[in-house]
Amino acid sequence: MPMDANSTADVMVAPISRRSLHEELAARLRDMIVEGALPAGRKVPERELCERFGVSRTPLREALKVLASEGLISLNQNRGATVAALTRADLEEVFPIMGALEALSGSLACARMSDAEIEAVAKLHDQMVESFKAGDRPTYFKLNQAIHRAILVGSGNETLVATHQMLAGRIHRARYMANDDSDRWRAAIAEHELILAALQNRDGPRLAVILSDHLRNKLASVMRHFSGE
């Protein structure tokens with residue numbers, strides 16, 4: 001059956017989402033920072049990265065601005081860009097706030113997420129467990145973050161999402177580091193089993209407590225890393 005004018009118009013205005021070049025670069029550089037390929041305190045090798053990715057300086061510098069807004073990069077007018085260092089003070093300041101935000105998101109998500117959205121989180125969880133069993137930390141971390149992001153967005157509170165996003169970059173690398181310890185990684189998996197169960201049971205108060213404790217345990221693990229324990 002041919003489309004009428006109205007249905008054609010509906011199709012025509014549907015947005016097509018495409019990631020821009022600088023957004024793609026930002027994503028790749030973010031992974032390099034989080035996984036340690038670009039260590040904290042190191043000057044960003046702009047020429048080398050341009051050659052590696054086959055891009056000009058313009059999109060690379062736009063990507064660096066994005067990462068600077070997330071707290072992953074420090075921009076210095078005369079000295080270029082440097083990967084931001086993790087400090088105890090920053091982590092001790094930001095982690096409790098992030099824990100409170102994620103606790104609130106969990107409480108709201110239990111009431112607002114659809115059954116289909118919760119099922120999608122369960123599928124991500126299963127994939128994450130498989131990555132854990134395979135010892136694939138990068139894939140595990142991406143799936144882990146996708147789960148936290150789904151719960152955050154599932155809160156239905158745009159202000160909460162924006163506030164969380166504003167701070168998330170400052171501890172992104174630390175969240176990845178937290179699972180460097182194999183015992184902590186196993187404990188994180190056990191905590192995620194509790195997170196999923198609370199979400200599936202729509203137990204908001206329980207999920208809030210688990211998410212808060214989850215972030216507190218991550219902070220403790222990172223602090224042990226700083227102490228060389």
# chains A, B, ... in the order shown; residues from 1 in each chain; ligands from 1
$ residues_around --residues "region 179-196 of chain A" --least-positions-apart "4" --cutoff "8 Å" --atoms "only C-alpha atoms" --output "tab-separated table (two decimals) with N, CA, C and O atoms, in the first residue's frame"
chain	number	residue	atom	x	y	z
A	121	VAL	N	18.46	-5.01	30.71
A	121	VAL	CA	19.55	-4.95	31.69
A	121	VAL	C	20.00	-6.37	32.04
A	121	VAL	O	21.20	-6.64	32.19
A	122	ALA	N	19.04	-7.28	32.19
A	122	ALA	CA	19.38	-8.68	32.50
A	122	ALA	C	20.25	-9.29	31.41
A	122	ALA	O	21.20	-10.04	31.70
A	125	HIS	N	23.68	-7.98	31.74
A	125	HIS	CA	24.30	-8.63	32.88
A	125	HIS	C	24.86	-10.00	32.48
A	125	HIS	O	26.00	-10.34	32.83
A	129	VAL	N	28.79	-11.17	32.64
A	129	VAL	CA	29.29	-12.34	33.36
A	129	VAL	C	30.15	-13.20	32.44
A	129	VAL	O	31.20	-13.72	32.86
A	175	ARG	N	37.12	3.66	38.19
A	175	ARG	CA	36.16	2.55	38.17
A	175	ARG	C	36.74	1.36	37.42
A	175	ARG	O	36.51	0.21	37.78
A	200	GLN	N	14.90	-6.41	39.32
A	200	GLN	CA	13.83	-7.29	38.83
A	200	GLN	C	12.68	-7.37	39.83
A	200	GLN	O	11.52	-7.52	39.43
A	207	LEU	N	17.73	-1.61	46.22
A	207	LEU	CA	18.66	-1.30	45.14
A	207	LEU	C	19.49	-0.05	45.47
A	207	LEU	O	20.68	0.01	45.17
A	210	ILE	N	22.31	-1.13	47.75
A	210	ILE	CA	23.30	-1.96	47.06
A	210	ILE	C	24.19	-1.09	46.16
A	210	ILE	O	25.42	-1.25	46.14
A	211	LEU	N	23.58	-0.16	45.43
A	211	LEU	CA	24.36	0.70	44.53
A	211	LEU	C	25.30	1.61	45.32
A	211	LEU	O	26.45	1.83	44.91
A	214	HIS	N	28.09	-0.52	46.52
A	214	HIS	CA	28.90	-0.90	45.36
A	214	HIS	C	29.94	0.17	45.06
A	214	HIS	O	31.13	-0.14	44.85
A	221	SER	N	38.71	-0.14	47.03
A	221	SER	CA	39.65	-0.89	46.20
A	221	SER	C	40.67	0.04	45.55
A	221	SER	O	41.87	-0.26	45.51
$ select_by_dssp --residues "region 80-134 of chain A" --states "helix (DSSP H, G or I)" --output "JSON list (two decimals) with all heavy atoms, in the first residue's frame"
[["chain", "number", "residue", "atom", "x", "y", "z"],
["A", 88, "ARG", "N", 43.85, 11.28, 45.41],
["A", 88, "ARG", "CA", 43.03, 10.79, 46.52],
["A", 88, "ARG", "C", 41.91, 11.78, 46.83],
["A", 88, "ARG", "O", 40.77, 11.39, 47.07],
["A", 88, "ARG", "CB", 43.90, 10.61, 47.76],
["A", 88, "ARG", "CG", 44.72, 9.34, 47.78],
["A", 88, "ARG", "CD", 45.56, 9.30, 49.05],
["A", 88, "ARG", "NE", 46.15, 7.99, 49.26],
["A", 88, "ARG", "CZ", 45.55, 6.99, 49.91],
["A", 88, "ARG", "NH1", 44.34, 7.16, 50.40],
["A", 88, "ARG", "NH2", 46.15, 5.83, 50.05],
["A", 89, "ALA", "N", 42.27, 13.06, 46.84],
["A", 89, "ALA", "CA", 41.29, 14.09, 47.21],
["A", 89, "ALA", "C", 40.10, 14.08, 46.26],
["A", 89, "ALA", "O", 38.94, 14.15, 46.70],
["A", 89, "ALA", "CB", 41.95, 15.46, 47.24],
["A", 90, "ASP", "N", 40.38, 13.99, 44.96],
["A", 90, "ASP", "CA", 39.30, 13.97, 43.97],
["A", 90, "ASP", "C", 38.40, 12.76, 44.18],
["A", 90, "ASP", "O", 37.16, 12.86, 44.15],
["A", 90, "ASP", "CB", 39.87, 13.94, 42.56],
["A", 90, "ASP", "CG", 40.25, 15.32, 42.05],
["A", 90, "ASP", "OD1", 39.82, 16.31, 42.67],
["A", 90, "ASP", "OD2", 40.97, 15.40, 41.05],
["A", 91, "LEU", "N", 39.02, 11.59, 44.35],
["A", 91, "LEU", "CA", 38.25, 10.36, 44.48],
["A", 91, "LEU", "C", 37.41, 10.37, 45.76],
["A", 91, "LEU", "O", 36.24, 9.97, 45.74],
["A", 91, "LEU", "CB", 39.18, 9.16, 44.46],
["A", 91, "LEU", "CG", 39.98, 8.97, 43.17],
["A", 91, "LEU", "CD1", 40.91, 7.77, 43.29],
["A", 91, "LEU", "CD2", 39.06, 8.80, 41.97],
["A", 92, "GLU", "N", 38.00, 10.81, 46.85],
["A", 92, "GLU", "CA", 37.27, 10.84, 48.11],
["A", 92, "GLU", "C", 36.13, 11.85, 48.08],
["A", 92, "GLU", "O", 35.14, 11.72, 48.80],
["A", 92, "GLU", "CB", 38.22, 11.16, 49.26],
["A", 92, "GLU", "CG", 39.18, 10.01, 49.57],
["A", 92, "GLU", "CD", 40.23, 10.38, 50.61],
["A", 92, "GLU", "OE1", 40.45, 11.59, 50.85],
["A", 92, "GLU", "OE2", 40.82, 9.46, 51.21],
["A", 93, "GLU", "N", 36.27, 12.86, 47.22],
["A", 93, "GLU", "CA", 35.22, 13.87, 47.10],
["A", 93, "GLU", "C", 34.10, 13.42, 46.17],
["A", 93, "GLU", "O", 32.91, 13.59, 46.46],
["A", 93, "GLU", "CB", 35.83, 15.17, 46.58],
["A", 93, "GLU", "CG", 34.84, 16.32, 46.45],
["A", 93, "GLU", "CD", 35.53, 17.61, 46.04],
["A", 93, "GLU", "OE1", 36.16, 18.24, 46.91],
["A", 93, "GLU", "OE2", 35.44, 17.96, 44.84],
["A", 94, "VAL", "N", 34.47, 12.80, 45.03],
["A", 94, "VAL", "CA", 33.49, 12.51, 43.99],
["A", 94, "VAL", "C", 32.76, 11.18, 44.20],
["A", 94, "VAL", "O", 31.55, 11.09, 43.96],
["A", 94, "VAL", "CB", 34.16, 12.53, 42.59],
["A", 94, "VAL", "CG1", 33.16, 12.17, 41.50],
["A", 94, "VAL", "CG2", 34.75, 13.91, 42.32],
["A", 95, "PHE", "N", 33.46, 10.14, 44.65],
["A", 95, "PHE", "CA", 32.83, 8.82, 44.78],
["A", 95, "PHE", "C", 31.57, 8.83, 45.65],
["A", 95, "PHE", "O", 30.55, 8.25, 45.28],
["A", 95, "PHE", "CB", 33.83, 7.79, 45.30],
["A", 95, "PHE", "CG", 34.38, 6.89, 44.22],
["A", 95, "PHE", "CD1", 35.62, 7.13, 43.66],
["A", 95, "PHE", "CD2", 33.66, 5.79, 43.77],
["A", 95, "PHE", "CE1", 36.14, 6.30, 42.67],
["A", 95, "PHE", "CE2", 34.16, 4.95, 42.78],
["A", 95, "PHE", "CZ", 35.41, 5.22, 42.23],
["A", 96, "PRO", "N", 31.59, 9.48, 46.83],
["A", 96, "PRO", "CA", 30.36, 9.49, 47.64],
["A", 96, "PRO", "C", 29.19, 10.18, 46.94],
["A", 96, "PRO", "O", 28.04, 9.76, 47.09],
["A", 96, "PRO", "CB", 30.78, 10.23, 48.91],
["A", 96, "PRO", "CG", 32.26, 10.05, 48.99],
["A", 96, "PRO", "CD", 32.73, 10.07, 47.57],
["A", 97, "ILE", "N", 29.51, 11.23, 46.18],
["A", 97, "ILE", "CA", 28.44, 11.93, 45.45],
["A", 97, "ILE", "C", 27.88, 11.01, 44.37],
["A", 97, "ILE", "O", 26.66, 10.91, 44.18],
["A", 97, "ILE", "CB", 28.97, 13.23, 44.82],
["A", 97, "ILE", "CG1", 29.44, 14.20, 45.92],
["A", 97, "ILE", "CG2", 27.90, 13.89, 43.96],
["A", 97, "ILE", "CD1", 30.15, 15.42, 45.39],
["A", 98, "MET", "N", 28.77, 10.34, 43.64],
["A", 98, "MET", "CA", 28.32, 9.41, 42.61],
["A", 98, "MET", "C", 27.50, 8.27, 43.22],
["A", 98, "MET", "O", 26.51, 7.82, 42.64],
["A", 98, "MET", "CB", 29.52, 8.86, 41.85],
["A", 98, "MET", "CG", 30.28, 9.90, 41.05],
["A", 98, "MET", "SD", 29.33, 10.54, 39.65],
["A", 98, "MET", "CE", 29.49, 9.16, 38.52],
["A", 99, "GLY", "N", 27.93, 7.80, 44.40],
["A", 99, "GLY", "CA", 27.18, 6.75, 45.07],
["A", 99, "GLY", "C", 25.77, 7.19, 45.41],
["A", 99, "GLY", "O", 24.80, 6.44, 45.24],
["A", 100, "ALA", "N", 25.64, 8.44, 45.87],
["A", 100, "ALA", "CA", 24.32, 8.98, 46.21],
["A", 100, "ALA", "C", 23.45, 9.13, 44.96],
["A", 100, "ALA", "O", 22.25, 8.81, 44.98],
["A", 100, "ALA", "CB", 24.47, 10.32, 46.92],
["A", 101, "LEU", "N", 24.06, 9.59, 43.87],
["A", 101, "LEU", "CA", 23.31, 9.76, 42.62],
["A", 101, "LEU", "C", 22.85, 8.41, 42.07],
["A", 101, "LEU", "O", 21.72, 8.26, 41.61],
["A", 101, "LEU", "CB", 24.18, 10.48, 41.58],
["A", 101, "LEU", "CG", 24.52, 11.94, 41.86],
["A", 101, "LEU", "CD1", 25.52, 12.46, 40.82],
["A", 101, "LEU", "CD2", 23.27, 12.81, 41.88],
["A", 102, "GLU", "N", 23.74, 7.41, 42.12],
["A", 102, "GLU", "CA", 23.36, 6.10, 41.59],
["A", 102, "GLU", "C", 22.33, 5.43, 42.50],
["A", 102, "GLU", "O", 21.46, 4.70, 42.02],
["A", 102, "GLU", "CB", 24.61, 5.23, 41.40],
["A", 102, "GLU", "CG", 25.52, 5.80, 40.32],
["A", 102, "GLU", "CD", 26.43, 4.77, 39.69],
["A", 102, "GLU", "OE1", 26.25, 3.57, 39.91],
["A", 102, "GLU", "OE2", 27.33, 5.20, 38.93],
["A", 103, "ALA", "N", 22.43, 5.68, 43.80],
["A", 103, "ALA", "CA", 21.42, 5.14, 44.72],
["A", 103, "ALA", "C", 20.04, 5.72, 44.39],
["A", 103, "ALA", "O", 19.04, 4.99, 44.33],
["A", 103, "ALA", "CB", 21.79, 5.45, 46.16],
["A", 104, "LEU", "N", 19.99, 7.02, 44.16],
["A", 104, "LEU", "CA", 18.72, 7.66, 43.81],
["A", 104, "LEU", "C", 18.21, 7.14, 42.47],
["A", 104, "LEU", "O", 17.01, 6.88, 42.31],
["A", 104, "LEU", "CB", 18.91, 9.18, 43.76],
["A", 104, "LEU", "CG", 17.68, 10.00, 43.34],
["A", 104, "LEU", "CD1", 16.49, 9.72, 44.26],
["A", 104, "LEU", "CD2", 18.02, 11.49, 43.33],
["A", 105, "SER", "N", 19.12, 6.96, 41.51],
["A", 105, "SER", "CA", 18.68, 6.47, 40.20],
["A", 105, "SER", "C", 18.09, 5.08, 40.32],
["A", 105, "SER", "O", 17.10, 4.74, 39.67],
["A", 105, "SER", "CB", 19.86, 6.46, 39.21],
["A", 105, "SER", "OG", 20.77, 5.42, 39.48],
["A", 106, "GLY", "N", 18.68, 4.24, 41.17],
["A", 106, "GLY", "CA", 18.16, 2.89, 41.36],
["A", 106, "GLY", "C", 16.78, 2.89, 41.98],
["A", 106, "GLY", "O", 15.89, 2.13, 41.56],
["A", 107, "SER", "N", 16.60, 3.76, 42.97],
["A", 107, "SER", "CA", 15.30, 3.85, 43.63],
["A", 107, "SER", "C", 14.21, 4.27, 42.64],
["A", 107, "SER", "O", 13.12, 3.68, 42.60],
["A", 107, "SER", "CB", 15.38, 4.85, 44.78],
["A", 107, "SER", "OG", 14.14, 4.98, 45.42],
["A", 108, "LEU", "N", 14.53, 5.26, 41.81],
["A", 108, "LEU", "CA", 13.55, 5.75, 40.82],
["A", 108, "LEU", "C", 13.33, 4.73, 39.70],
["A", 108, "LEU", "O", 12.21, 4.54, 39.24],
["A", 108, "LEU", "CB", 14.03, 7.08, 40.23],
["A", 108, "LEU", "CG", 14.08, 8.27, 41.19],
["A", 108, "LEU", "CD1", 14.75, 9.47, 40.52],
["A", 108, "LEU", "CD2", 12.68, 8.65, 41.67],
["A", 109, "ALA", "N", 14.42, 4.09, 39.27],
["A", 109, "ALA", "CA", 14.33, 3.15, 38.15],
["A", 109, "ALA", "C", 13.41, 1.98, 38.47],
["A", 109, "ALA", "O", 12.69, 1.48, 37.60],
["A", 109, "ALA", "CB", 15.72, 2.65, 37.77],
["A", 110, "CYS", "N", 13.42, 1.53, 39.73],
["A", 110, "CYS", "CA", 12.56, 0.40, 40.10],
["A", 110, "CYS", "C", 11.09, 0.73, 39.88],
["A", 110, "CYS", "O", 10.28, -0.17, 39.59],
["A", 110, "CYS", "CB", 12.82, 0.02, 41.56],
["A", 110, "CYS", "SG", 14.33, -0.92, 41.80],
["A", 111, "ALA", "N", 10.75, 1.98, 40.02],
["A", 111, "ALA", "CA", 9.36, 2.39, 39.84],
["A", 111, "ALA", "C", 9.03, 2.75, 38.40],
["A", 111, "ALA", "O", 7.86, 2.66, 38.00],
["A", 111, "ALA", "CB", 9.06, 3.58, 40.75],
["A", 112, "ARG", "N", 10.03, 3.14, 37.63],
["A", 112, "ARG", "CA", 9.75, 3.74, 36.33],
["A", 112, "ARG", "C", 10.16, 2.91, 35.12],
["A", 112, "ARG", "O", 9.63, 3.13, 34.02],
["A", 112, "ARG", "CB", 10.43, 5.11, 36.25],
["A", 112, "ARG", "CG", 9.90, 6.09, 37.29],
["A", 112, "ARG", "CD", 10.59, 7.44, 37.22],
["A", 112, "ARG", "NE", 10.03, 8.38, 38.18],
["A", 112, "ARG", "CZ", 10.45, 9.62, 38.38],
["A", 112, "ARG", "NH1", 11.45, 10.08, 37.63],
["A", 112, "ARG", "NH2", 9.89, 10.40, 39.28],
["A", 115, "ASP", "N", 9.12, -3.39, 31.97],
["A", 115, "ASP", "CA", 9.59, -4.78, 32.06],
["A", 115, "ASP", "C", 10.62, -5.07, 30.96],
["A", 115, "ASP", "O", 11.60, -5.77, 31.20],
["A", 115, "ASP", "CB", 8.41, -5.75, 31.94],
["A", 115, "ASP", "CG", 7.50, -5.72, 33.16],
["A", 115, "ASP", "OD1", 7.93, -5.18, 34.21],
["A", 115, "ASP", "OD2", 6.36, -6.21, 33.06],
["A", 116, "ALA", "N", 10.38, -4.52, 29.78],
["A", 116, "ALA", "CA", 11.30, -4.74, 28.66],
["A", 116, "ALA", "C", 12.66, -4.12, 28.94],
["A", 116, "ALA", "O", 13.71, -4.69, 28.59],
["A", 116, "ALA", "CB", 10.71, -4.16, 27.37],
["A", 117, "GLU", "N", 12.67, -2.95, 29.55],
["A", 117, "GLU", "CA", 13.93, -2.28, 29.88],
["A", 117, "GLU", "C", 14.70, -3.07, 30.94],
["A", 117, "GLU", "O", 15.94, -3.18, 30.87],
["A", 117, "GLU", "CB", 13.66, -0.86, 30.35],
["A", 117, "GLU", "CG", 13.23, 0.08, 29.24],
["A", 117, "GLU", "CD", 12.72, 1.41, 29.74],
["A", 117, "GLU", "OE1", 12.22, 1.48, 30.90],
["A", 117, "GLU", "OE2", 12.81, 2.40, 28.99],
["A", 118, "ILE", "N", 14.00, -3.62, 31.89],
["A", 118, "ILE", "CA", 14.66, -4.43, 32.92],
["A", 118, "ILE", "C", 15.20, -5.71, 32.31],
["A", 118, "ILE", "O", 16.30, -6.17, 32.66],
["A", 118, "ILE", "CB", 13.69, -4.72, 34.08],
["A", 118, "ILE", "CG1", 13.37, -3.42, 34.84],
["A", 118, "ILE", "CG2", 14.27, -5.76, 35.03],
["A", 118, "ILE", "CD1", 12.34, -3.56, 35.93],
["A", 119, "GLU", "N", 14.46, -6.29, 31.39],
["A", 119, "GLU", "CA", 14.93, -7.49, 30.69],
["A", 119, "GLU", "C", 16.20, -7.19, 29.89],
["A", 119, "GLU", "O", 17.12, -8.02, 29.81],
["A", 119, "GLU", "CB", 13.84, -8.03, 29.78],
["A", 119, "GLU", "CG", 14.24, -9.26, 28.97],
["A", 119, "GLU", "CD", 14.63, -10.45, 29.84],
["A", 119, "GLU", "OE1", 14.15, -10.56, 31.00],
["A", 119, "GLU", "OE2", 15.46, -11.26, 29.38],
["A", 120, "ALA", "N", 16.26, -5.99, 29.31],
["A", 120, "ALA", "CA", 17.46, -5.60, 28.56],
["A", 120, "ALA", "C", 18.67, -5.50, 29.49],
["A", 120, "ALA", "O", 19.78, -5.89, 29.12],
["A", 120, "ALA", "CB", 17.22, -4.27, 27.85],
["A", 121, "VAL", "N", 18.46, -5.01, 30.71],
["A", 121, "VAL", "CA", 19.55, -4.95, 31.69],
["A", 121, "VAL", "C", 20.00, -6.37, 32.04],
["A", 121, "VAL", "O", 21.20, -6.64, 32.19],
["A", 121, "VAL", "CB", 19.10, -4.19, 32.95],
["A", 121, "VAL", "CG1", 20.14, -4.32, 34.07],
["A", 121, "VAL", "CG2", 18.87, -2.72, 32.64],
["A", 122, "ALA", "N", 19.04, -7.28, 32.19],
["A", 122, "ALA", "CA", 19.38, -8.68, 32.50],
["A", 122, "ALA", "C", 20.25, -9.29, 31.41],
["A", 122, "ALA", "O", 21.20, -10.04, 31.70],
["A", 122, "ALA", "CB", 18.11, -9.49, 32.70],
["A", 123, "LYS", "N", 19.96, -8.97, 30.15],
["A", 123, "LYS", "CA", 20.76, -9.50, 29.04],
["A", 123, "LYS", "C", 22.17, -8.93, 29.07],
["A", 123, "LYS", "O", 23.16, -9.64, 28.83],
["A", 123, "LYS", "CB", 20.08, -9.19, 27.71],
["A", 123, "LYS", "CG", 18.80, -9.99, 27.49],
["A", 123, "LYS", "CD", 18.15, -9.64, 26.15],
["A", 123, "LYS", "CE", 16.87, -10.46, 25.96],
["A", 123, "LYS", "NZ", 16.18, -10.09, 24.69],
["A", 124, "LEU", "N", 22.28, -7.62, 29.38],
["A", 124, "LEU", "CA", 23.60, -7.01, 29.52],
["A", 124, "LEU", "C", 24.38, -7.67, 30.66],
["A", 124, "LEU", "O", 25.58, -7.93, 30.55],
["A", 124, "LEU", "CB", 23.47, -5.50, 29.80],
["A", 124, "LEU", "CG", 23.02, -4.62, 28.65],
["A", 124, "LEU", "CD1", 22.74, -3.21, 29.17],
["A", 124, "LEU", "CD2", 24.09, -4.58, 27.56],
["A", 125, "HIS", "N", 23.68, -7.98, 31.74],
["A", 125, "HIS", "CA", 24.30, -8.63, 32.88],
["A", 125, "HIS", "C", 24.86, -10.00, 32.48],
["A", 125, "HIS", "O", 26.00, -10.34, 32.83],
["A", 125, "HIS", "CB", 23.29, -8.79, 34.01],
["A", 125, "HIS", "CG", 23.80, -9.58, 35.18],
["A", 125, "HIS", "ND1", 24.53, -9.01, 36.20],
["A", 125, "HIS", "CD2", 23.70, -10.90, 35.47],
["A", 125, "HIS", "CE1", 24.86, -9.95, 37.07],
["A", 125, "HIS", "NE2", 24.37, -11.11, 36.66],
["A", 126, "ASP", "N", 24.08, -10.77, 31.74],
["A", 126, "ASP", "CA", 24.54, -12.10, 31.31],
["A", 126, "ASP", "C", 25.79, -11.99, 30.44],
["A", 126, "ASP", "O", 26.73, -12.78, 30.57],
["A", 126, "ASP", "CB", 23.43, -12.82, 30.55],
["A", 126, "ASP", "CG", 22.27, -13.23, 31.46],
["A", 126, "ASP", "OD1", 22.46, -13.25, 32.69],
["A", 126, "ASP", "OD2", 21.18, -13.53, 30.93],
["A", 127, "GLN", "N", 25.79, -11.00, 29.55],
["A", 127, "GLN", "CA", 26.96, -10.79, 28.69],
["A", 127, "GLN", "C", 28.17, -10.37, 29.52],
["A", 127, "GLN", "O", 29.31, -10.79, 29.25],
["A", 127, "GLN", "CB", 26.64, -9.73, 27.63],
["A", 127, "GLN", "CG", 25.60, -10.14, 26.62],
["A", 127, "GLN", "CD", 25.15, -8.99, 25.74],
["A", 127, "GLN", "OE1", 25.88, -8.01, 25.57],
["A", 127, "GLN", "NE2", 23.94, -9.09, 25.22],
["A", 128, "MET", "N", 27.93, -9.54, 30.52],
["A", 128, "MET", "CA", 29.01, -9.09, 31.39],
["A", 128, "MET", "C", 29.63, -10.25, 32.15],
["A", 128, "MET", "O", 30.85, -10.35, 32.30],
["A", 128, "MET", "CB", 28.48, -8.04, 32.37],
["A", 128, "MET", "CG", 29.55, -7.42, 33.27],
["A", 128, "MET", "SD", 28.85, -6.28, 34.48],
["A", 128, "MET", "CE", 27.99, -7.45, 35.56],
["A", 129, "VAL", "N", 28.79, -11.17, 32.64],
["A", 129, "VAL", "CA", 29.29, -12.34, 33.36],
["A", 129, "VAL", "C", 30.15, -13.20, 32.44],
["A", 129, "VAL", "O", 31.20, -13.72, 32.86],
["A", 129, "VAL", "CB", 28.12, -13.17, 33.94],
["A", 129, "VAL", "CG1", 28.61, -14.50, 34.48],
["A", 129, "VAL", "CG2", 27.41, -12.38, 35.04],
["A", 130, "GLU", "N", 29.74, -13.34, 31.18],
["A", 130, "GLU", "CA", 30.55, -14.10, 30.23],
["A", 130, "GLU", "C", 31.91, -13.45, 30.00],
["A", 130, "GLU", "O", 32.93, -14.13, 29.88],
["A", 130, "GLU", "CB", 29.81, -14.24, 28.90],
["A", 130, "GLU", "CG", 28.59, -15.16, 28.96],
["A", 130, "GLU", "CD", 28.94, -16.55, 29.49],
["A", 130, "GLU", "OE1", 29.92, -17.14, 28.97],
["A", 130, "GLU", "OE2", 28.26, -17.02, 30.42],
["A", 131, "SER", "N", 31.93, -12.11, 29.95],
["A", 131, "SER", "CA", 33.20, -11.40, 29.80],
["A", 131, "SER", "C", 34.08, -11.59, 31.02],
["A", 131, "SER", "O", 35.31, -11.72, 30.90],
["A", 131, "SER", "CB", 32.94, -9.90, 29.58],
["A", 131, "SER", "OG", 32.25, -9.68, 28.38],
["A", 132, "PHE", "N", 33.47, -11.62, 32.19],
["A", 132, "PHE", "CA", 34.21, -11.89, 33.42],
["A", 132, "PHE", "C", 34.85, -13.28, 33.37],
["A", 132, "PHE", "O", 36.04, -13.46, 33.67],
["A", 132, "PHE", "CB", 33.28, -11.78, 34.63],
["A", 132, "PHE", "CG", 33.85, -12.35, 35.90],
["A", 132, "PHE", "CD1", 34.84, -11.69, 36.60],
["A", 132, "PHE", "CD2", 33.38, -13.56, 36.39],
["A", 132, "PHE", "CE1", 35.36, -12.22, 37.77],
["A", 132, "PHE", "CE2", 33.89, -14.11, 37.55],
["A", 132, "PHE", "CZ", 34.89, -13.44, 38.25],
["A", 133, "LYS", "N", 34.07, -14.27, 32.97],
["A", 133, "LYS", "CA", 34.58, -15.64, 32.88],
["A", 133, "LYS", "C", 35.72, -15.75, 31.87],
["A", 133, "LYS", "O", 36.64, -16.56, 32.06],
["A", 133, "LYS", "CB", 33.44, -16.59, 32.51],
["A", 133, "LYS", "CG", 32.39, -16.76, 33.60],
["A", 133, "LYS", "CD", 31.26, -17.67, 33.13],
["A", 133, "LYS", "CE", 30.21, -17.86, 34.22],
["A", 133, "LYS", "NZ", 29.06, -18.69, 33.75],
["A", 134, "ALA", "N", 35.66, -14.93, 30.82],
["A", 134, "ALA", "CA", 36.70, -14.96, 29.79],
["A", 134, "ALA", "C", 37.90, -14.10, 30.17],
["A", 134, "ALA", "O", 38.91, -14.10, 29.45],
["A", 134, "ALA", "CB", 36.12, -14.47, 28.46]]
$ closest_residue --among "A:Arg61, A:His22, A:Lys218, A:Arg173" --to "Ala40 (chain A)" --atoms "only C-alpha atoms"
A:Arg173
$ select_by_dssp --residues "region 35-142 of chain A" --states "strand (DSSP E or B)" --output "list of chain:residue names"
A:Lys43, A:Ile73, A:Ser74, A:Leu75, A:Asn76, A:Gly80, A:Ala81, A:Thr82, A:Val83
$ write_last_selection --atoms "all heavy atoms" --output "compact mmCIF listing (two decimals), in the first residue's frame"
# COMPACT_ATOMS: atom_id res chain seq x y z
N LYS A 43 51.63 13.71 28.52
CA LYS A 43 51.18 14.65 27.51
C LYS A 43 50.57 13.88 26.35
O LYS A 43 51.10 12.85 25.91
CB LYS A 43 52.37 15.48 27.02
CG LYS A 43 51.97 16.58 26.03
CD LYS A 43 53.15 17.47 25.68
CE LYS A 43 52.71 18.56 24.70
NZ LYS A 43 53.85 19.46 24.34
N ILE A 73 41.02 15.02 30.66
CA ILE A 73 42.13 15.72 30.02
C ILE A 73 42.27 17.11 30.63
O ILE A 73 41.28 17.77 30.94
CB ILE A 73 41.89 15.86 28.49
CG1 ILE A 73 41.94 14.50 27.79
CG2 ILE A 73 42.88 16.82 27.85
CD1 ILE A 73 43.31 13.90 27.68
N SER A 74 43.52 17.55 30.80
CA SER A 74 43.80 18.93 31.20
C SER A 74 44.36 19.66 29.99
O SER A 74 45.32 19.19 29.36
CB SER A 74 44.81 18.97 32.35
OG SER A 74 44.30 18.35 33.50
N LEU A 75 43.75 20.79 29.64
CA LEU A 75 44.21 21.57 28.50
C LEU A 75 45.02 22.76 28.99
O LEU A 75 44.56 23.54 29.83
CB LEU A 75 43.01 22.07 27.68
CG LEU A 75 42.15 21.00 27.00
CD1 LEU A 75 40.96 21.64 26.30
CD2 LEU A 75 42.98 20.19 26.00
N ASN A 76 46.24 22.89 28.47
CA ASN A 76 47.12 24.00 28.81
C ASN A 76 47.43 24.78 27.55
O ASN A 76 47.88 24.20 26.56
CB ASN A 76 48.42 23.49 29.44
CG ASN A 76 48.16 22.63 30.66
OD1 ASN A 76 47.65 23.11 31.66
ND2 ASN A 76 48.50 21.34 30.58
N GLY A 80 49.87 22.22 25.47
CA GLY A 80 49.06 21.15 24.90
C GLY A 80 48.18 20.48 25.93
O GLY A 80 47.87 21.03 26.98
N ALA A 81 47.79 19.25 25.64
CA ALA A 81 46.87 18.50 26.50
C ALA A 81 47.61 17.42 27.27
O ALA A 81 48.54 16.80 26.76
CB ALA A 81 45.78 17.87 25.65
N THR A 82 47.18 17.21 28.51
CA THR A 82 47.78 16.20 29.37
C THR A 82 46.67 15.34 29.97
O THR A 82 45.59 15.86 30.32
CB THR A 82 48.57 16.86 30.52
OG1 THR A 82 49.54 17.75 29.96
CG2 THR A 82 49.27 15.82 31.37
N VAL A 83 46.91 14.04 30.08
CA VAL A 83 45.93 13.16 30.72
C VAL A 83 45.86 13.51 32.21
O VAL A 83 46.89 13.56 32.89
CB VAL A 83 46.32 11.68 30.55
CG1 VAL A 83 45.29 10.77 31.22
CG2 VAL A 83 46.45 11.33 29.07
$ closest_residue --among "A:Ala68, A:Ala85, A:Ile147, A:Ala26" --to "Arg42 (chain A)" --atoms "only C-alpha atoms"
A:Ala85
$ atom_distance --atom1 "CA of Gly71 (chain A)" --atom2 "CA of Val55 (chain A)"
23.4 Å
$ closest_residue --among "A:Glu70, A:Glu46, A:Glu35, A:Asp213" --to "Thr58 (chain A)" --atoms "only C-alpha atoms"
A:Glu46
$ residues_around --residues "His225 (chain A)" --least-positions-apart "3" --cutoff "10 Å" --atoms "only C-alpha atoms" --output "list in words"
Ala174, Met177, Ala178, Asp180, Asp181, Leu219, Ala220, Ser221, Val222, Gly228 and Glu229 of chain A
$ closest_residue --among "A:Ile151, A:Val34, A:Asn144, A:Arg52" --to "Ala198 (chain A)" --atoms "only C-alpha atoms"
A:Ile151
$ atom_distance --atom1 "CA of Gly135 (chain A)" --atom2 "CA of His148 (chain A)"
20.2 Å
